[in-house]
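model-v3.txt follows (compact mmCIF, C-alpha atoms (C1' of nucleotides)):
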```txt
# COMPACT_ATOMS: atom_id res chain seq x y z
CA MET D 78 32.48 50.47 -78.90
CA ALA D 79 34.07 47.14 -78.92
CA LEU D 80 37.28 48.27 -77.25
CA GLY D 81 37.65 50.99 -74.70
CA LYS D 82 35.50 53.91 -75.64
CA ASP D 83 36.09 53.00 -79.22
CA TYR D 84 38.78 52.45 -81.84
CA VAL D 85 38.53 55.84 -83.52
CA THR D 86 42.22 56.40 -83.01
CA GLN D 87 42.93 53.16 -84.83
CA GLU D 88 43.41 53.72 -88.54
CA CYS D 89 43.14 50.09 -89.35
CA SER D 90 40.49 48.00 -90.99
CA ILE D 91 41.06 45.20 -88.49
CA ALA D 92 40.16 47.62 -85.72
CA ARG D 93 37.16 48.83 -87.71
CA ALA D 94 35.97 45.27 -88.08
CA LEU D 95 36.44 44.65 -84.38
CA GLU D 96 34.38 47.75 -83.67
CA VAL D 97 31.48 45.82 -85.19
CA VAL D 98 32.14 42.23 -84.18
CA GLY D 99 34.81 42.46 -81.46
CA GLU D 100 32.62 42.49 -78.38
CA ARG D 101 32.21 39.56 -76.11
CA TRP D 102 30.00 36.83 -77.67
CA THR D 103 29.49 38.68 -80.96
CA LEU D 104 31.61 36.41 -83.17
CA LEU D 105 30.02 33.34 -81.62
CA VAL D 106 26.57 34.69 -82.43
CA VAL D 107 27.66 35.20 -86.03
CA ARG D 108 29.18 31.71 -86.10
CA ASP D 109 25.89 30.22 -84.92
CA ALA D 110 23.97 32.28 -87.48
CA ILE D 111 26.22 30.89 -90.24
CA TYR D 112 25.67 27.39 -88.83
CA GLY D 113 21.97 28.03 -89.44
CA VAL D 114 20.75 29.05 -86.01
CA ARG D 115 18.02 31.67 -86.43
CA ARG D 116 15.83 31.81 -83.34
CA TYR D 117 16.38 33.67 -80.11
CA ASN D 118 15.92 30.63 -77.97
CA ASP D 119 18.28 28.50 -80.03
CA PHE D 120 21.08 31.07 -79.69
CA LEU D 121 20.28 31.23 -75.98
CA VAL D 122 20.56 27.55 -75.16
CA HIS D 123 23.44 26.86 -77.51
CA LEU D 124 25.63 29.72 -76.36
CA GLY D 125 24.68 29.83 -72.67
CA ILE D 126 24.71 33.60 -72.99
CA PRO D 127 22.81 35.95 -70.64
CA ARG D 128 19.53 37.02 -72.19
CA ALA D 129 20.27 40.72 -71.88
CA VAL D 130 23.57 40.31 -73.71
CA LEU D 131 21.99 38.21 -76.45
CA SER D 132 19.28 40.85 -76.98
CA ALA D 133 21.92 43.57 -77.19
CA ARG D 134 24.10 41.61 -79.64
CA LEU D 135 21.20 40.69 -81.91
CA ARG D 136 20.12 44.33 -81.94
CA THR D 137 23.52 45.77 -82.84
CA LEU D 138 24.26 43.03 -85.38
CA THR D 139 20.91 43.79 -87.01
CA GLU D 140 21.68 47.52 -87.01
CA GLU D 141 25.06 46.83 -88.56
CA GLY D 142 23.51 44.74 -91.32
CA VAL D 143 25.20 41.52 -90.29
CA LEU D 144 21.89 39.88 -89.44
CA GLU D 145 18.40 40.57 -90.72
CA LYS D 146 15.37 40.38 -88.44
CA ARG D 147 12.57 38.67 -90.27
CA ARG D 148 9.02 37.93 -89.18
CA TYR D 149 8.22 34.33 -89.92
CA GLN D 150 4.82 34.03 -88.28
CA GLU D 151 2.17 36.50 -87.18
CA THR D 152 0.28 34.88 -84.32
CA PRO D 153 2.06 34.83 -82.07
CA PRO D 154 4.49 37.30 -83.63
CA ARG D 155 7.83 35.52 -84.10
CA ASP D 156 11.02 36.86 -85.66
CA GLU D 157 14.08 35.05 -86.81
CA TYR D 158 17.57 36.43 -87.34
CA VAL D 159 19.06 35.49 -90.69
CA VAL D 160 22.65 36.18 -91.67
CA THR D 161 22.99 38.64 -94.54
CA GLU D 162 25.59 38.71 -97.31
CA ARG D 163 27.58 41.10 -95.14
CA GLY D 164 27.41 38.60 -92.29
CA ALA D 165 28.28 35.61 -94.47
CA ALA D 166 31.34 37.57 -95.62
CA LEU D 167 32.72 37.08 -92.12
CA TRP D 168 33.05 33.37 -92.85
CA PRO D 169 36.68 33.50 -94.03
CA ALA D 170 37.66 35.22 -90.79
CA LEU D 171 35.73 32.74 -88.65
CA ARG D 172 37.10 29.80 -90.58
CA ALA D 173 40.66 31.05 -90.20
CA LEU D 174 40.15 31.61 -86.49
CA GLY D 175 38.68 28.13 -86.14
CA GLN D 176 41.58 26.68 -88.09
CA TRP D 177 44.00 28.31 -85.64
CA GLY D 178 42.03 26.99 -82.70
CA ARG D 179 42.00 23.49 -84.18
CA GLU D 180 45.70 23.52 -84.89
CA TYR D 181 47.03 25.19 -81.77
CA VAL D 182 44.41 24.69 -79.06
CA ASP D 183 42.03 21.75 -79.38
CA GLY D 184 43.94 19.27 -81.54
CA ASN D 185 41.53 18.66 -84.45
CA ARG D 186 38.94 16.87 -82.39
CA LEU D 187 35.83 19.02 -82.77
CA ARG D 188 34.47 20.03 -86.15
CA SER D 189 35.90 20.13 -89.65
CA PHE D 190 34.68 21.54 -92.94
CA ARG D 191 34.26 19.89 -96.32
CA HIS D 192 33.48 21.05 -99.81
CA ALA D 193 29.87 20.02 -100.51
CA ASP D 194 30.46 19.43 -104.27
CA CYS D 195 33.35 17.00 -104.00
CA GLY D 196 33.81 16.13 -100.33
CA GLY D 197 37.36 17.53 -100.10
CA ASP D 198 38.67 19.16 -96.94
CA VAL D 199 38.58 22.91 -96.78
CA GLU D 200 42.20 23.96 -96.27
CA PRO D 201 43.68 26.71 -94.06
CA TYR D 202 43.13 29.49 -96.58
CA GLY D 203 39.69 28.29 -97.68
CA THR D 204 40.44 26.25 -100.78
CA CYS D 205 39.30 22.68 -101.39
CA ALA D 206 42.05 20.07 -100.99
CA ALA D 207 40.48 17.80 -103.61
CA CYS D 208 39.41 20.11 -106.44
CA GLY D 209 41.35 23.26 -105.57
CA THR D 210 38.46 25.66 -105.90
CA LEU D 211 37.91 28.44 -103.42
CA VAL D 212 34.87 27.18 -101.53
CA PRO D 213 32.08 29.74 -101.00
CA VAL D 214 30.40 29.60 -97.63
CA ALA D 215 27.17 28.19 -99.03
CA ASP D 216 29.06 25.15 -100.35
CA VAL D 217 30.69 24.28 -97.04
CA VAL D 218 29.51 21.32 -94.98
CA MET D 219 30.29 21.23 -91.28
CA VAL D 220 31.30 17.74 -90.17
CA PRO D 221 31.33 16.84 -86.45
CA GLY D 222 34.50 15.36 -84.97
CA PRO D 223 35.25 12.72 -82.31
CA GLY D 224 35.84 15.26 -79.52
CA LEU D 225 32.23 16.38 -79.37
CA ASP D 226 29.92 15.39 -76.54
CA SER D 227 27.75 12.66 -78.05
CA ALA D 228 24.69 13.48 -75.95
CA PRO D 229 24.57 17.21 -75.30
CA ALA D 230 21.77 18.72 -73.25
CA ASP D 231 20.62 21.39 -75.66
CA PRO D 232 18.76 20.62 -78.89
CA VAL D 233 20.97 22.89 -80.99
CA SER D 234 24.13 20.98 -80.09
CA ARG D 235 22.25 17.75 -80.80
CA ALA D 236 21.23 19.04 -84.23
CA LEU D 237 24.87 19.96 -84.92
CA LEU D 238 25.99 16.36 -84.34
CA ARG D 239 24.96 15.61 -87.90
CA PRO D 240 26.78 17.02 -90.93
CA LYS D 241 25.23 20.33 -91.80
CA ARG D 242 25.52 22.62 -94.80
CA LEU D 243 26.28 26.17 -93.69
CA LEU D 244 23.69 28.97 -93.99
CA GLU D 245 20.77 26.57 -94.27
CA PRO D 246 18.33 26.86 -91.38
CA LEU D 247 18.96 24.47 -88.52
CA GLU D 248 16.15 22.10 -87.60
CA THR D 249 16.07 21.42 -83.91
CA ASP D 250 14.25 18.42 -82.53
CA PRO D 251 11.18 19.30 -80.50
CA VAL D 252 11.99 18.81 -76.84
CA HIS D 253 9.57 15.91 -76.37
CA LEU D 254 11.55 13.79 -78.81
CA ALA D 255 14.65 14.06 -76.65
CA HIS D 256 13.34 11.79 -73.91
CA MET W 251 38.32 33.68 -69.71
CA ALA W 252 37.63 35.69 -72.78
CA LEU W 253 33.88 35.35 -72.58
CA GLY W 254 31.75 35.04 -69.51
CA LYS W 255 33.52 32.88 -67.04
CA ASP W 256 34.85 30.94 -69.97
CA TYR W 257 33.83 29.03 -73.04
CA VAL W 258 34.11 25.55 -71.60
CA THR W 259 30.57 24.78 -72.62
CA GLN W 260 31.49 25.67 -76.18
CA GLU W 261 32.69 22.66 -78.12
CA CYS W 262 34.03 24.72 -80.94
CA SER W 263 37.50 25.59 -82.08
CA ILE W 264 36.41 29.15 -82.83
CA ALA W 265 35.44 29.52 -79.18
CA ARG W 266 38.72 27.89 -78.11
CA ALA W 267 40.63 30.39 -80.23
CA LEU W 268 38.64 33.25 -78.75
CA GLU W 269 39.50 31.99 -75.28
CA VAL W 270 43.08 32.87 -76.13
CA VAL W 271 42.75 35.95 -78.32
CA GLY W 272 39.16 37.09 -77.83
CA GLU W 273 39.63 39.61 -75.07
CA ARG W 274 39.54 43.31 -75.60
CA TRP W 275 42.70 44.60 -77.34
CA THR W 276 44.29 41.17 -77.71
CA LEU W 277 43.92 40.82 -81.47
CA LEU W 278 45.18 44.36 -81.97
CA VAL W 279 48.28 43.57 -79.93
CA VAL W 280 48.88 40.53 -82.13
CA ARG W 281 48.30 42.62 -85.26
CA ASP W 282 50.91 45.15 -84.10
CA ALA W 283 53.33 42.36 -83.28
CA ILE W 284 52.93 40.99 -86.81
CA TYR W 285 53.45 44.51 -88.15
CA GLY W 286 56.80 44.40 -86.38
CA VAL W 287 56.07 46.29 -83.17
CA ARG W 288 58.10 44.73 -80.36
CA ARG W 289 58.53 47.17 -77.51
CA TYR W 290 56.19 47.96 -74.66
CA ASN W 291 56.19 51.65 -75.33
CA ASP W 292 55.54 51.25 -79.03
CA PHE W 293 52.47 49.12 -78.35
CA LEU W 294 51.40 51.68 -75.79
CA VAL W 295 51.51 54.78 -77.97
CA HIS W 296 50.25 53.07 -81.09
CA LEU W 297 47.27 51.39 -79.49
CA GLY W 298 46.34 54.03 -76.90
CA ILE W 299 45.71 51.16 -74.48
CA PRO W 300 45.81 51.53 -70.68
CA ARG W 301 49.17 50.40 -69.30
CA ALA W 302 47.70 47.86 -66.93
CA VAL W 303 45.73 46.24 -69.74
CA LEU W 304 48.77 46.13 -72.03
CA SER W 305 50.85 44.49 -69.31
CA ALA W 306 48.15 41.89 -68.74
CA ARG W 307 47.76 41.14 -72.47
CA LEU W 308 51.50 40.82 -73.07
CA ARG W 309 51.75 38.48 -70.12
CA THR W 310 48.92 36.17 -71.18
CA LEU W 311 50.00 36.19 -74.84
CA THR W 312 53.49 35.22 -73.71
CA GLU W 313 52.09 32.47 -71.50
CA GLU W 314 50.02 31.19 -74.41
CA GLY W 315 53.05 31.08 -76.67
CA VAL W 316 51.75 33.69 -79.08
CA LEU W 317 54.54 36.11 -78.20
CA GLU W 318 58.03 35.47 -76.87
CA LYS W 319 59.62 37.79 -74.34
CA ARG W 320 63.24 38.34 -75.26
CA ARG W 321 65.98 40.33 -73.55
CA TYR W 322 67.70 42.54 -76.09
CA GLN W 323 69.90 44.63 -73.82
CA GLU W 324 71.19 44.20 -70.29
CA THR W 325 71.76 47.70 -68.96
CA PRO W 326 69.19 48.87 -68.49
CA PRO W 327 67.40 45.54 -68.77
CA ARG W 328 65.07 45.74 -71.74
CA ASP W 329 62.82 43.07 -73.17
CA GLU W 330 61.02 42.91 -76.47
CA TYR W 331 57.99 40.86 -77.41
CA VAL W 332 58.43 38.92 -80.64
CA VAL W 333 55.64 37.05 -82.38
CA THR W 334 56.17 33.28 -82.46
CA GLU W 335 55.18 30.81 -85.16
CA ARG W 336 51.97 30.20 -83.22
CA GLY W 337 51.30 33.94 -83.24
CA ALA W 338 52.15 34.37 -86.91
CA ALA W 339 49.65 31.57 -87.62
CA LEU W 340 46.95 34.03 -86.60
CA TRP W 341 47.74 36.06 -89.70
CA PRO W 342 45.11 34.41 -91.95
CA ALA W 343 42.43 35.25 -89.39
CA LEU W 344 43.61 38.82 -88.98
CA ARG W 345 43.89 39.31 -92.71
CA ALA W 346 40.40 37.97 -93.29
CA LEU W 347 39.02 40.21 -90.58
CA GLY W 348 40.83 43.20 -92.07
CA GLN W 349 39.50 42.29 -95.49
CA TRP W 350 35.98 42.34 -94.12
CA GLY W 351 36.60 45.70 -92.45
CA ARG W 352 37.99 47.13 -95.66
CA GLU W 353 35.12 45.88 -97.74
CA TYR W 354 32.20 46.58 -95.44
CA VAL W 355 33.33 49.30 -93.04
CA ASP W 356 36.12 51.60 -94.12
CA GLY W 357 35.91 51.52 -97.92
CA ASN W 358 39.44 50.41 -98.89
CA ARG W 359 41.10 53.62 -97.78
CA LEU W 360 43.53 52.48 -95.09
CA ARG W 361 46.07 49.74 -95.70
CA SER W 362 46.40 46.97 -98.26
CA PHE W 363 48.69 43.97 -98.61
CA ARG W 364 50.93 42.91 -101.46
CA HIS W 365 52.97 39.86 -102.31
CA ALA W 366 56.63 40.86 -101.77
CA ASP W 367 57.93 38.58 -104.55
CA CYS W 368 55.78 39.89 -107.40
CA GLY W 369 53.87 42.91 -106.11
CA GLY W 370 50.44 41.37 -106.65
CA ASP W 371 47.53 42.12 -104.33
CA VAL W 372 46.78 39.60 -101.62
CA GLU W 373 43.22 38.47 -102.24
CA PRO W 374 40.37 37.74 -99.80
CA TYR W 375 41.48 34.18 -99.06
CA GLY W 376 45.21 34.97 -98.95
CA THR W 377 46.37 34.14 -102.46
CA CYS W 378 48.32 36.47 -104.74
CA ALA W 379 46.27 38.01 -107.56
CA ALA W 380 49.27 38.13 -109.88
CA CYS W 381 51.03 34.80 -109.42
CA GLY W 382 48.35 32.79 -107.65
CA THR W 383 50.55 31.46 -104.87
CA LEU W 384 49.35 31.32 -101.32
CA VAL W 385 51.35 34.11 -99.72
CA PRO W 386 53.02 33.24 -96.38
CA VAL W 387 52.95 36.00 -93.80
CA ALA W 388 56.69 36.69 -94.09
CA ASP W 389 56.25 37.53 -97.77
CA VAL W 390 53.48 40.07 -97.24
CA VAL W 391 54.15 43.78 -97.57
CA MET W 392 51.79 46.24 -95.88
CA VAL W 393 51.10 49.24 -98.11
CA PRO W 394 49.54 52.38 -96.63
CA GLY W 395 46.41 53.81 -98.26
CA PRO W 396 45.06 57.31 -98.90
CA GLY W 397 42.76 57.32 -95.86
CA LEU W 398 45.59 57.38 -93.33
CA ASP W 399 46.48 60.48 -91.36
CA SER W 400 49.60 61.82 -93.09
CA ALA W 401 51.11 63.30 -89.93
CA PRO W 402 50.16 61.13 -86.95
CA ALA W 403 51.33 62.06 -83.47
CA ASP W 404 52.90 58.76 -82.48
CA PRO W 405 56.16 57.47 -84.00
CA VAL W 406 54.77 53.99 -84.64
CA SER W 407 51.99 55.31 -86.88
CA ARG W 408 54.61 57.46 -88.64
CA ALA W 409 56.80 54.44 -89.24
CA LEU W 410 53.79 52.59 -90.68
CA LEU W 411 53.28 55.28 -93.32
CA ARG W 412 55.94 53.56 -95.40
CA PRO W 413 55.48 50.13 -96.98
CA LYS W 414 56.59 47.52 -94.49
CA ARG W 415 57.25 43.82 -94.75
CA LEU W 416 55.40 41.93 -92.03
CA LEU W 417 57.23 40.28 -89.09
CA GLU W 418 60.36 42.38 -89.57
CA PRO W 419 61.07 44.66 -86.62
CA LEU W 420 59.68 48.16 -86.92
CA GLU W 421 62.14 51.01 -86.72
CA THR W 422 60.62 54.03 -85.07
CA ASP W 423 62.17 57.45 -85.56
CA PRO W 424 63.66 58.89 -82.40
CA VAL W 425 61.31 61.59 -81.15
CA HIS W 426 63.78 64.42 -81.73
CA LEU W 427 63.77 63.76 -85.46
CA ALA W 428 60.06 64.41 -85.63
CA HIS W 429 60.43 68.16 -85.12
C1' DA E 255 71.85 67.65 -59.54
C1' DC E 256 68.30 67.43 -62.64
C1' DC E 257 65.39 65.85 -66.16
C1' DA E 258 63.87 62.33 -69.45
C1' DT E 259 62.96 57.46 -70.93
C1' DC E 260 61.45 52.76 -70.41
C1' DG E 261 58.65 49.36 -68.41
C1' DG E 262 56.03 48.61 -65.45
C1' DT E 263 52.44 48.58 -60.70
C1' DT E 264 48.74 50.64 -57.85
C1' DC E 265 44.34 52.50 -57.22
C1' DG E 266 39.78 54.84 -57.44
C1' DT E 267 36.08 55.35 -60.87
C1' DT E 268 33.30 53.85 -64.48
C1' DC E 269 31.28 50.59 -67.40
C1' DA E 270 29.92 46.16 -69.17
C1' DC E 271 28.72 41.36 -68.28
C1' DT E 272 26.20 38.08 -65.28
C1' DG E 273 22.31 35.71 -63.58
C1' DA E 274 17.93 35.70 -61.63
C1' DA E 275 13.43 37.47 -61.69
C1' DC E 276 9.79 39.31 -64.05
C1' DC E 277 6.65 40.39 -68.03
C1' DT E 278 3.65 39.95 -72.31
C1' DA E 279 1.51 37.25 -75.83
C1' DC E 280 -0.08 33.11 -77.35
C1' DC E 281 -1.43 28.02 -77.37
C1' DG E 282 -3.40 23.63 -75.63
C1' DG E 283 -5.74 20.81 -72.28
C1' DC E 284 -9.30 20.23 -68.99
C1' DG G 27 -12.24 29.96 -66.93
C1' DC G 28 -7.87 28.32 -65.24
C1' DC G 29 -3.38 26.27 -65.46
C1' DG G 30 0.96 25.22 -67.50
C1' DG G 31 4.21 25.75 -71.18
C1' DT G 32 6.74 28.22 -75.00
C1' DA G 33 8.84 32.23 -77.14
C1' DG G 34 11.03 36.55 -76.81
C1' DG G 35 12.14 39.65 -74.51
C1' DT G 36 13.18 43.74 -70.18
C1' DT G 37 14.72 45.09 -65.50
C1' DC G 38 17.87 45.16 -61.84
C1' DA G 39 21.39 44.31 -58.16
C1' DG G 40 26.06 42.48 -57.83
C1' DT G 41 30.53 41.77 -59.70
C1' DG G 42 34.46 41.94 -62.44
C1' DA G 43 37.08 44.17 -65.99
C1' DA G 44 38.67 48.33 -68.33
C1' DC G 45 40.02 53.10 -67.83
C1' DG G 46 43.21 56.77 -66.79
C1' DA G 47 46.04 59.13 -63.75
C1' DA G 48 49.60 58.78 -60.47
C1' DC G 49 53.54 56.70 -58.86
C1' DC G 50 57.99 54.03 -58.99
C1' DG G 51 62.79 52.11 -59.87
C1' DA G 52 66.62 51.76 -62.92
C1' DT G 53 69.30 54.05 -66.15
C1' DG G 54 71.27 57.72 -69.29
C1' DG G 55 72.33 62.38 -70.72
C1' DT G 56 73.93 67.17 -69.58
```
Now that the file is in, can you turn its structure into structure tokens?
Amino acid sequence: MALGKDYVTQECSIARALEVVGERWTLLVVRDAIYGVRRYNDFLVHLGIPRAVLSARLRTLTEEGVLEKRRYQETPPRDEYVVTERGAALWPALRALGQWGREYVDGNRLRSFRHADCGGDVEPYGTCAACGTLVPVADVVMVPGPGLDSAPADPVSRALLRPKRLLEPLETDPVHLAH
Amino acid sequence: MALGKDYVTQECSIARALEVVGERWTLLVVRDAIYGVRRYNDFLVHLGIPRAVLSARLRTLTEEGVLEKRRYQETPPRDEYVVTERGAALWPALRALGQWGREYVDGNRLRSFRHADCGGDVEPYGTCAACGTLVPVADVVMVPGPGLDSAPADPVSRALLRPKRLLEPLETDPVHLAH
DNA sequence: ACCATCGGTTCGTTCACTGAACCTACCGGC
DNA sequence: GCCGGTAGGTTCAGTGAACGAACCGATGGT
């Protein structure tokens, strides 16, 4: 239902993919999940998304197998949303889209990606500039750039000011440490 | 304005890219343009998109430099929309998204992509399986798969039933030849 | 004169996103 | 027992965008 009623008339795997992840906010939720964001409130403050929309996106992404809802504590009951293999497989598309945005929109000032094993830049098609290997998502390190706000209001953005290996859970500072 | 009011709060090149191409239908218009579709009516029948939405998307994509509006005949005045270098640079993202759709949604039955020089498959990250080179978009050939409707109603889908090199203009059969 | 094509614009309806308010469950302090 | 705070939601009125059908102007063919 991503476009119009749907894309059933579209015999195209790009359209099929967009049926799943083409709605407003959806790709940004997946991006955050790959960055390691797992908790409802962290998605909420980092994206600035309406709660109703976030609930809907997390539900459909879970139904589609892109995220997995996992109980991580019983009292009080708390769930986290963890990206699945299917979700992590969206990384090449997100990386390519980000590469386009860096090159043609924001001018390379925000974030870049490095190969964790050797520190080389991850190139446009996903290979490592230094060692030439095709870097799997789990071996990518996000490195913040000079264009980022150095003192953002939300704890998730603050946590993402430090280099961060993708897929690993993000540790947000408790609020009381921010003052 | 792709999401919410906009993504200004998002310091992320993925969000910046989605500001430009994240609206409903936009990526499918770009996909068709890369497939060689250039004329208003061809986009219209192939996508099944409302006319007002198509007009709006072509206008903003032209303003963003993703497409170029070009007069190809004077009487009657007729323009075509040709993908620019900036637009063709979206190919890695579209290919990666299509790869995900093929692998996780449609089961490899629609279209695939080959390296024009050697006939090798284009792999997940955009390299050629046979010769290993990173295949530029102009050297990619779209090859139809067994899951496609063999007698589609619109002339653009019919034209895309034959292998087609990307970026080259699509030649649609005149309607009277279809009967 | 008549019909068809191409590339649009206009407009009423429907649908999705937005943002604020509200709710439940739990915890800690006093 | 009461209050405040956190976490993870749902509900709802207002708005903006998408939808689809109708219309339009310029041209070409017969």
task = Would you list the residues near (65.8, 38.0, -78.0) (no more than 12 Å away, in the coordinates of the file, using all atoms listed in the file) as number ranges by chain?
result = W: 288-289, 317-324, 328-334, 419
message = Residues near DT37 of chain G, anyone? I mean within 10 Å using all atoms listed in the file, not counting same-chain ones fewer than 4 positions away, as a list in words.
response = Ala129 of chain D; DA275, DC276 and DC277 of chain E
query = Near chain D, which residues of chain E fall within 12 Å when you count all atoms listed in the file, and what do they look like as a ChimeraX atom specification?
reply = /E:268-274,278-281
key: Close residues, segment 235-237 of chain D itself excluded, 10 Å, only C-alpha atoms (C1' of nucleotides), min 6 positions apart in chain, as a VMD selection string   = chain D and resid 112 to 113 123 188 219 to 221 225 to 229 247 to 250 255
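In this model, the gap between atom CA of Val122 of chain D and atom C1' of DG31 of chain G comes to 16.9 Å.
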